[in-house]
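J.: Below: one structure in structure tokens.
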Amino acid sequence: MHVELVGLGAVVLIAGLLARAGRRVGLPTVPCYMVVGILLGPGTPGPVLIEHPEDLAVLAALGLILLLFHLGVEFPVEQVLGSGRKLFLAAGCYIGLNLSAGLALGFALGWGASEALVIAGAVGISSSAIATKLLIELHRLTNAETPVVLGIIVLEDIFLAFYLALLSPILSDSETALELVRDLAISFGFLLLLFAVARYGARFIGTLIGSREDELLAVLVVGLVVLVAGLSEEVGVSDAIGALLIGLVVSQTRVRERVERLVLPLRDVFAAVFFVAFGLSIDVGDLGAVAVPVAVAVLITLVANIASGIVAARLFGFNQRAAANVGLTILGRGEFSLILATLALAAGLDPRIGPFVALYVLTLAIVSPLLAANSQYLARILPDWLLHPVWRYVREETISTSCTHLDQIKVTATDIDVCPPCVELGDTWVELRLCVTCGEVGCCDDSPNRHASTHARAERHPITQSLEPGEDWRYCFVDETLVRAPIVAAPHTESS
């Protein structure tokens with residue numbers, strides 16, 4: 001027993017140290033944990049700290065359960081219910097494109113129908129943790145497209161619950177069509193039952209687990225989560241679904257914030273064990289056989305994400321930079337892909353799913369932060385016709401909602417259709433700009449005299465507006481960014 005504890009302690013410590021080093025260079029923690037498991041497991045030549053990964057099964061399952069439970073607890077129900085039709089369309093497009101691409105790849109590999117469904121989910125669902133981390137580290141929380149990014153990953157979480165409910169009876173390998181229908185009915189029935197408890201039984205659950213002492217609250221919550229997850233598994237539904245949905249129930253109670261705070265460190269520790277355990281199950285010799293499928297999966301994921309970003313930009317009136325930010329920020333795959341792979345391997349599906357998902361997640365974990373941080377290069381090559389010609393001049397500019405100079409907008413229209421200073425000088429101009437503070441009309445920075453920006457600096461009038469036909473964007477010279485009001489605050493101002 002002491003040898004097993006030494007190995008577990010050593011592998012978790014090393015995983016934490018590698019994750020800390022990875023964070024310093026912008027890498028998410030999930031692939032770092034996986035790499036440690038792969039390198040120090042029995043499937044890789046060299047030192048082996050844990051000979052039998054199955055010994056960590058219970059701890060890994062607890063990590064999975066707490067990961068999904070915490071997701072349910074912090075789920076912003078009000079945000080989703082208050083989301084507009086455009087957000088649902090953007091999220092539906094993102095999920096549909098990525099899931100369809102993954103399903104097509106799964107069937108093309110010829111590993112089996114059940115395997116194709118697992119691959120579709122692993123390829124189609126992004127990592128909310130990685131996406132959120134990128135938004136923070138790249139300082140994009142006040143970007144105009146950020147609410148859309150957050151909305152997409154929130155709606156993905158809802159979809160995940162239904163997808164897991166769909167997969168559970170399929171992975172149980174029902175022998176006849178009748179058994180499959182029965183298992184599907186049980187799975188979705190249990191799903192609806194927990195939704196009903198979340199809607200009508202939150203007060204009872206809150207009373208059941210409520211305690212003024214943090215120690216007792218933590219014990220009661222963990223006991224409830226593990227019990228519901230176990231009952232889910234007993235009725236043929238994934239334990240992950242039970243954990244996610246009981247989290248939704250707890251999110252409606254008065255102890256939500258305390259539970260979220262208390263469970264967070266438990267989630268992080270046991271989730272690390274889950275990811276390490278997944279890595280321990282991977283034989284490095286199997287990675288070469290899935291290298292080509294992984295390369296294809298990464299490529300189609302990139303194409304599907306970019307297409308989804310363009311659709312979102314068209315829906316919300318964003319430019320090329322925002323389209324690139326949407327698509328590349330949610331490119332990373334992580335915890336959900338690994339959860340699906342774990343369920344598939346436990347169900348006895350094709351063992352190649354494990355190394356495929358591992359290499360796929362590792363590759364995107366490296367690629368996605370790099371691409372997201374350099375989204376301006378993608379914005380530069382996205383043609384105008386994909387979005388709208390109104391952005392041809394400012395396609396690479398960030399659109400922000402945090403400008404503090406919006407109160408200086410006093411003039412938004414004018415009858416002047418020439419650059420008066422250029423006319424006086426007898427010069428020509430390229431495009432016209434309107435100072436929204438005083439109404440002065442000047443030429444753009446591609447014009448020889450740059451009267452608009454010169455006026456802004458001289459008079460300290462920060463915001464200029466395009467006067468070109470069909471364009472209504474505004475640029476702040478102080479903040480050096482395109483500016484607009486938040487989507488929810490002024491939906492009628494969205495450009496077409």
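Residues in the structure tokens are numbered from 1 in each chain, the chains being A, B, ... in the order shown, and ligands are numbered from 1 in the order shown.
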Please identify all polymer residues within 7 Å of A:Val12, counting only C-alpha atoms, omitting same-chain residues fewer than 4 positions from it, and present them as an mmCIF file with C-alpha atoms, in the first residue's frame.

T.:
data_model
loop_
_atom_site.group_PDB
_atom_site.id
_atom_site.type_symbol
_atom_site.label_atom_id
_atom_site.label_comp_id
_atom_site.auth_asym_id
_atom_site.auth_seq_id
_atom_site.Cartn_x
_atom_site.Cartn_y
_atom_site.Cartn_z
ATOM 1 C CA LEU A 8 0.323 8.392 -6.559
ATOM 2 C CA GLY A 16 1.330 19.922 -10.612
ATOM 3 C CA VAL A 273 -6.080 12.646 -10.876
#

J.: Need to verify the contact set: A:Ala358, 10 Å, only C-alpha atoms, exclusion of same-chain residues closer than 6 positions in sequence. Can you return it as a list in words?

T.: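 Everything that qualifies: Pro31, Met34, Val35, Ile38, Phe278, Gly279, Ile282, Leu287, Val294, Gly334, Ser337, Leu338 and Ala341 of chain A.
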
J.: Could you write those residues out with C-alpha atoms, as a PDB file, in the first residue's frame?

T.:
ATOM      1  CA  PRO A  31      -2.605  18.460 -21.346  1.00  0.00           C
ATOM      2  CA  MET A  34      -2.091  13.976 -19.400  1.00  0.00           C
ATOM      3  CA  VAL A  35       1.556  14.156 -20.469  1.00  0.00           C
ATOM      4  CA  ILE A  38       1.616   9.107 -20.421  1.00  0.00           C
ATOM      5  CA  PHE A 278      -6.344   8.891 -18.486  1.00  0.00           C
ATOM      6  CA  GLY A 279      -2.744   9.503 -19.523  1.00  0.00           C
ATOM      7  CA  ILE A 282      -2.331   5.448 -22.999  1.00  0.00           C
ATOM      8  CA  LEU A 287      -0.033   7.166 -30.893  1.00  0.00           C
ATOM      9  CA  VAL A 294      -5.647  13.184 -35.548  1.00  0.00           C
ATOM     10  CA  GLY A 334     -10.092  19.166 -23.207  1.00  0.00           C
ATOM     11  CA  SER A 337     -13.349  15.003 -24.965  1.00  0.00           C
ATOM     12  CA  LEU A 338     -11.491  12.984 -22.348  1.00  0.00           C
ATOM     13  CA  ALA A 341     -13.137   8.760 -24.403  1.00  0.00           C
TER      14      ALA A 341
END

J.: Neighbours of A:Val411 within 7 Å (only C-alpha atoms; same-chain residues fewer than 2 positions away dropped), as a count of residues only?

T.: 6

J.: Which residues are close to A:Tyr33, i.e. within 6 Å by only C-alpha atoms, leaving aside same-chain residues fewer than 5 positions away? Reply as a list in words.

T.: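 Here the qualifying residues turn out to be Ala15, Phe275 and Val276 of chain A.
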
J.: Give me the residues within 12 Å of A:Gln320 as a ChimeraX atom specification, counting only C-alpha atoms and dropping any in the same chain fewer than 2 places off.

T.: /A:145,306-307,309-314,316-318,322-327,375-399

J.: Taking C-alpha atoms for each residue, export the selection above as a PDB file, in the first residue's frame.

T.:
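Once everything was written out, this is out.pdb:
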ATOM      1  CA  GLU A 145     -17.637  39.229 -29.259  1.00  0.00           C
ATOM      2  CA  ILE A 306     -13.540  29.398 -38.507  1.00  0.00           C
ATOM      3  CA  ALA A 307     -16.795  28.859 -40.396  1.00  0.00           C
ATOM      4  CA  GLY A 309     -16.921  32.306 -36.212  1.00  0.00           C
ATOM      5  CA  ILE A 310     -17.876  33.826 -39.548  1.00  0.00           C
ATOM      6  CA  VAL A 311     -21.536  32.862 -39.046  1.00  0.00           C
ATOM      7  CA  ALA A 312     -21.523  34.414 -35.562  1.00  0.00           C
ATOM      8  CA  ALA A 313     -19.913  37.582 -36.930  1.00  0.00           C
ATOM      9  CA  ARG A 314     -22.578  37.895 -39.625  1.00  0.00           C
ATOM     10  CA  PHE A 316     -24.036  40.034 -34.679  1.00  0.00           C
ATOM     11  CA  GLY A 317     -22.526  42.492 -37.172  1.00  0.00           C
ATOM     12  CA  PHE A 318     -18.898  41.882 -36.227  1.00  0.00           C
ATOM     13  CA  ALA A 322     -14.097  39.353 -34.088  1.00  0.00           C
ATOM     14  CA  ALA A 323     -14.980  36.415 -36.364  1.00  0.00           C
ATOM     15  CA  ALA A 324     -11.448  35.075 -35.982  1.00  0.00           C
ATOM     16  CA  ASN A 325     -11.571  35.611 -32.203  1.00  0.00           C
ATOM     17  CA  VAL A 326     -14.825  33.666 -31.884  1.00  0.00           C
ATOM     18  CA  GLY A 327     -13.627  30.705 -33.933  1.00  0.00           C
ATOM     19  CA  SER A 375      -6.073  36.022 -34.663  1.00  0.00           C
ATOM     20  CA  GLN A 376      -5.261  39.259 -36.510  1.00  0.00           C
ATOM     21  CA  TYR A 377      -3.438  37.264 -39.191  1.00  0.00           C
ATOM     22  CA  LEU A 378      -6.547  35.221 -39.928  1.00  0.00           C
ATOM     23  CA  ALA A 379      -8.624  38.419 -39.939  1.00  0.00           C
ATOM     24  CA  ARG A 380      -6.280  39.844 -42.542  1.00  0.00           C
ATOM     25  CA  ILE A 381      -7.011  37.086 -45.066  1.00  0.00           C
ATOM     26  CA  LEU A 382     -10.762  36.646 -44.512  1.00  0.00           C
ATOM     27  CA  PRO A 383     -12.398  38.114 -47.638  1.00  0.00           C
ATOM     28  CA  ASP A 384     -14.921  40.927 -47.274  1.00  0.00           C
ATOM     29  CA  TRP A 385     -17.716  39.055 -49.026  1.00  0.00           C
ATOM     30  CA  LEU A 386     -17.810  36.467 -46.230  1.00  0.00           C
ATOM     31  CA  LEU A 387     -18.979  39.159 -43.831  1.00  0.00           C
ATOM     32  CA  HIS A 388     -19.881  42.618 -45.106  1.00  0.00           C
ATOM     33  CA  PRO A 389     -17.853  45.161 -47.120  1.00  0.00           C
ATOM     34  CA  VAL A 390     -18.368  47.721 -44.331  1.00  0.00           C
ATOM     35  CA  TRP A 391     -15.316  46.337 -42.528  1.00  0.00           C
ATOM     36  CA  ARG A 392     -12.785  46.531 -45.367  1.00  0.00           C
ATOM     37  CA  TYR A 393     -10.949  49.415 -43.699  1.00  0.00           C
ATOM     38  CA  VAL A 394     -10.925  48.078 -40.132  1.00  0.00           C
ATOM     39  CA  ARG A 395     -11.021  44.315 -40.597  1.00  0.00           C
ATOM     40  CA  GLU A 396      -8.140  43.696 -38.143  1.00  0.00           C
ATOM     41  CA  GLU A 397      -9.267  46.076 -35.396  1.00  0.00           C
ATOM     42  CA  THR A 398     -10.617  44.851 -32.064  1.00  0.00           C
ATOM     43  CA  ILE A 399     -14.206  45.817 -31.250  1.00  0.00           C
TER      44      ILE A 399
END

J.: A:Pro486, A:Gly223, A:Gly102, A:Gly151: which is nearest A:Ile300, counting only C-alpha atoms?

T.: A:Gly102

J.: Name the closest residue to A:Thr329 among the candidates A:Glu233, A:Glu137, A:Asp239, A:Asp283; distances are taken between atoms, counting only C-alpha atoms.

T.: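 The closest residue to A:Thr329 is A:Glu137.
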
J.: As a PyMOL selection string, please: every residue in stretch 127-291 of chain A that a backbone DSSP assignment puts in helix (DSSP H, G or I).

T.: chain A and resi 128-137+146-171+177-200+202-209+214-234+239-250+256-280+284-286+288-291

J.: How many Å separate atom CA of A:Leu150 from atom CA of A:Leu135?

T.: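 Taking atom CA of A:Leu150 and atom CA of A:Leu135, their separation equals 9.4 Å.
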
J.: Between atom CA of A:Arg256 and atom CA of A:Val73, what is the distance, to one decimal in Å?

T.: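 Atom-to-atom, atom CA of A:Arg256 to atom CA of A:Val73, that is 6.8 Å.
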
J.: Give me, please, the distance in Å between atom CA of A:Thr404 and atom CA of A:Ala90, quoted to one decimal.

T.: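 So the two atoms, atom CA of A:Thr404 and atom CA of A:Ala90, lie 28.8 Å apart.
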
J.: Which residue, A:Ser281, A:Thr207, A:Ser453, A:Thr428, has the smallest gap to A:Gly41 when you use only C-alpha atoms?

T.: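 Closest residue, counting only C-alpha atoms: A:Ser281.
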
J.: Choose the residue, out of A:Ala372, A:Val298, A:Ala202, A:Ala129, that has the smallest atom-to-atom separation from A:Val357; count only C-alpha atoms.

T.: A:Val298

J.: Skipping near chain neighbours, those fewer than 6 positions away, what residues fall within 10 Å of A:Pro351 using only C-alpha atoms, listed as an NGL selection string?

T.: :A and (111 or 115 or 282 or 286 or 341 or 344-345)

J.: Pull C-alpha atoms from the residues just selected and write them as a PDB file, in the first residue's frame.

T.:
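Result file is result_35.pdb:
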ATOM      1  CA  TRP A 111     -14.077   1.980 -36.382  1.00  0.00           C
ATOM      2  CA  GLU A 115     -17.112   4.874 -31.975  1.00  0.00           C
ATOM      3  CA  ILE A 282      -2.331   5.448 -22.999  1.00  0.00           C
ATOM      4  CA  ASP A 286      -0.354   3.456 -30.149  1.00  0.00           C
ATOM      5  CA  ALA A 341     -13.137   8.760 -24.403  1.00  0.00           C
ATOM      6  CA  ALA A 344     -16.069   4.682 -24.504  1.00  0.00           C
ATOM      7  CA  LEU A 345     -13.087   2.701 -23.229  1.00  0.00           C
TER       8      LEU A 345
END

J.: Can you pull out the residues contacting A:Tyr475? Cut-off 7 Å, using only C-alpha atoms, and skip same-chain residues under 4 positions away; I want them as a list in words.

T.: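 Everything that qualifies: Ile463, Thr464, Gln465, Thr481, Leu482 and Val483 of chain A.
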
J.: Let's have the selection written as a compact mmCIF listing (two decimals), in the first residue's frame, with N, CA and C atoms.

T.:
# COMPACT_ATOMS: atom_id res chain seq x y z
N ILE A 463 -13.46 60.07 -30.56
CA ILE A 463 -14.14 59.08 -31.41
C ILE A 463 -14.49 59.66 -32.76
N THR A 464 -14.18 58.89 -33.79
CA THR A 464 -14.55 59.25 -35.16
C THR A 464 -15.45 58.17 -35.73
N GLN A 465 -16.29 58.55 -36.68
CA GLN A 465 -17.25 57.61 -37.29
C GLN A 465 -17.07 57.62 -38.79
N THR A 481 -9.21 51.39 -30.64
CA THR A 481 -10.08 50.24 -30.88
C THR A 481 -11.40 50.71 -31.45
N LEU A 482 -12.06 49.81 -32.20
CA LEU A 482 -13.44 50.07 -32.59
C LEU A 482 -14.30 50.01 -31.33
N VAL A 483 -15.35 50.81 -31.28
CA VAL A 483 -16.18 50.84 -30.07
C VAL A 483 -17.64 50.61 -30.43
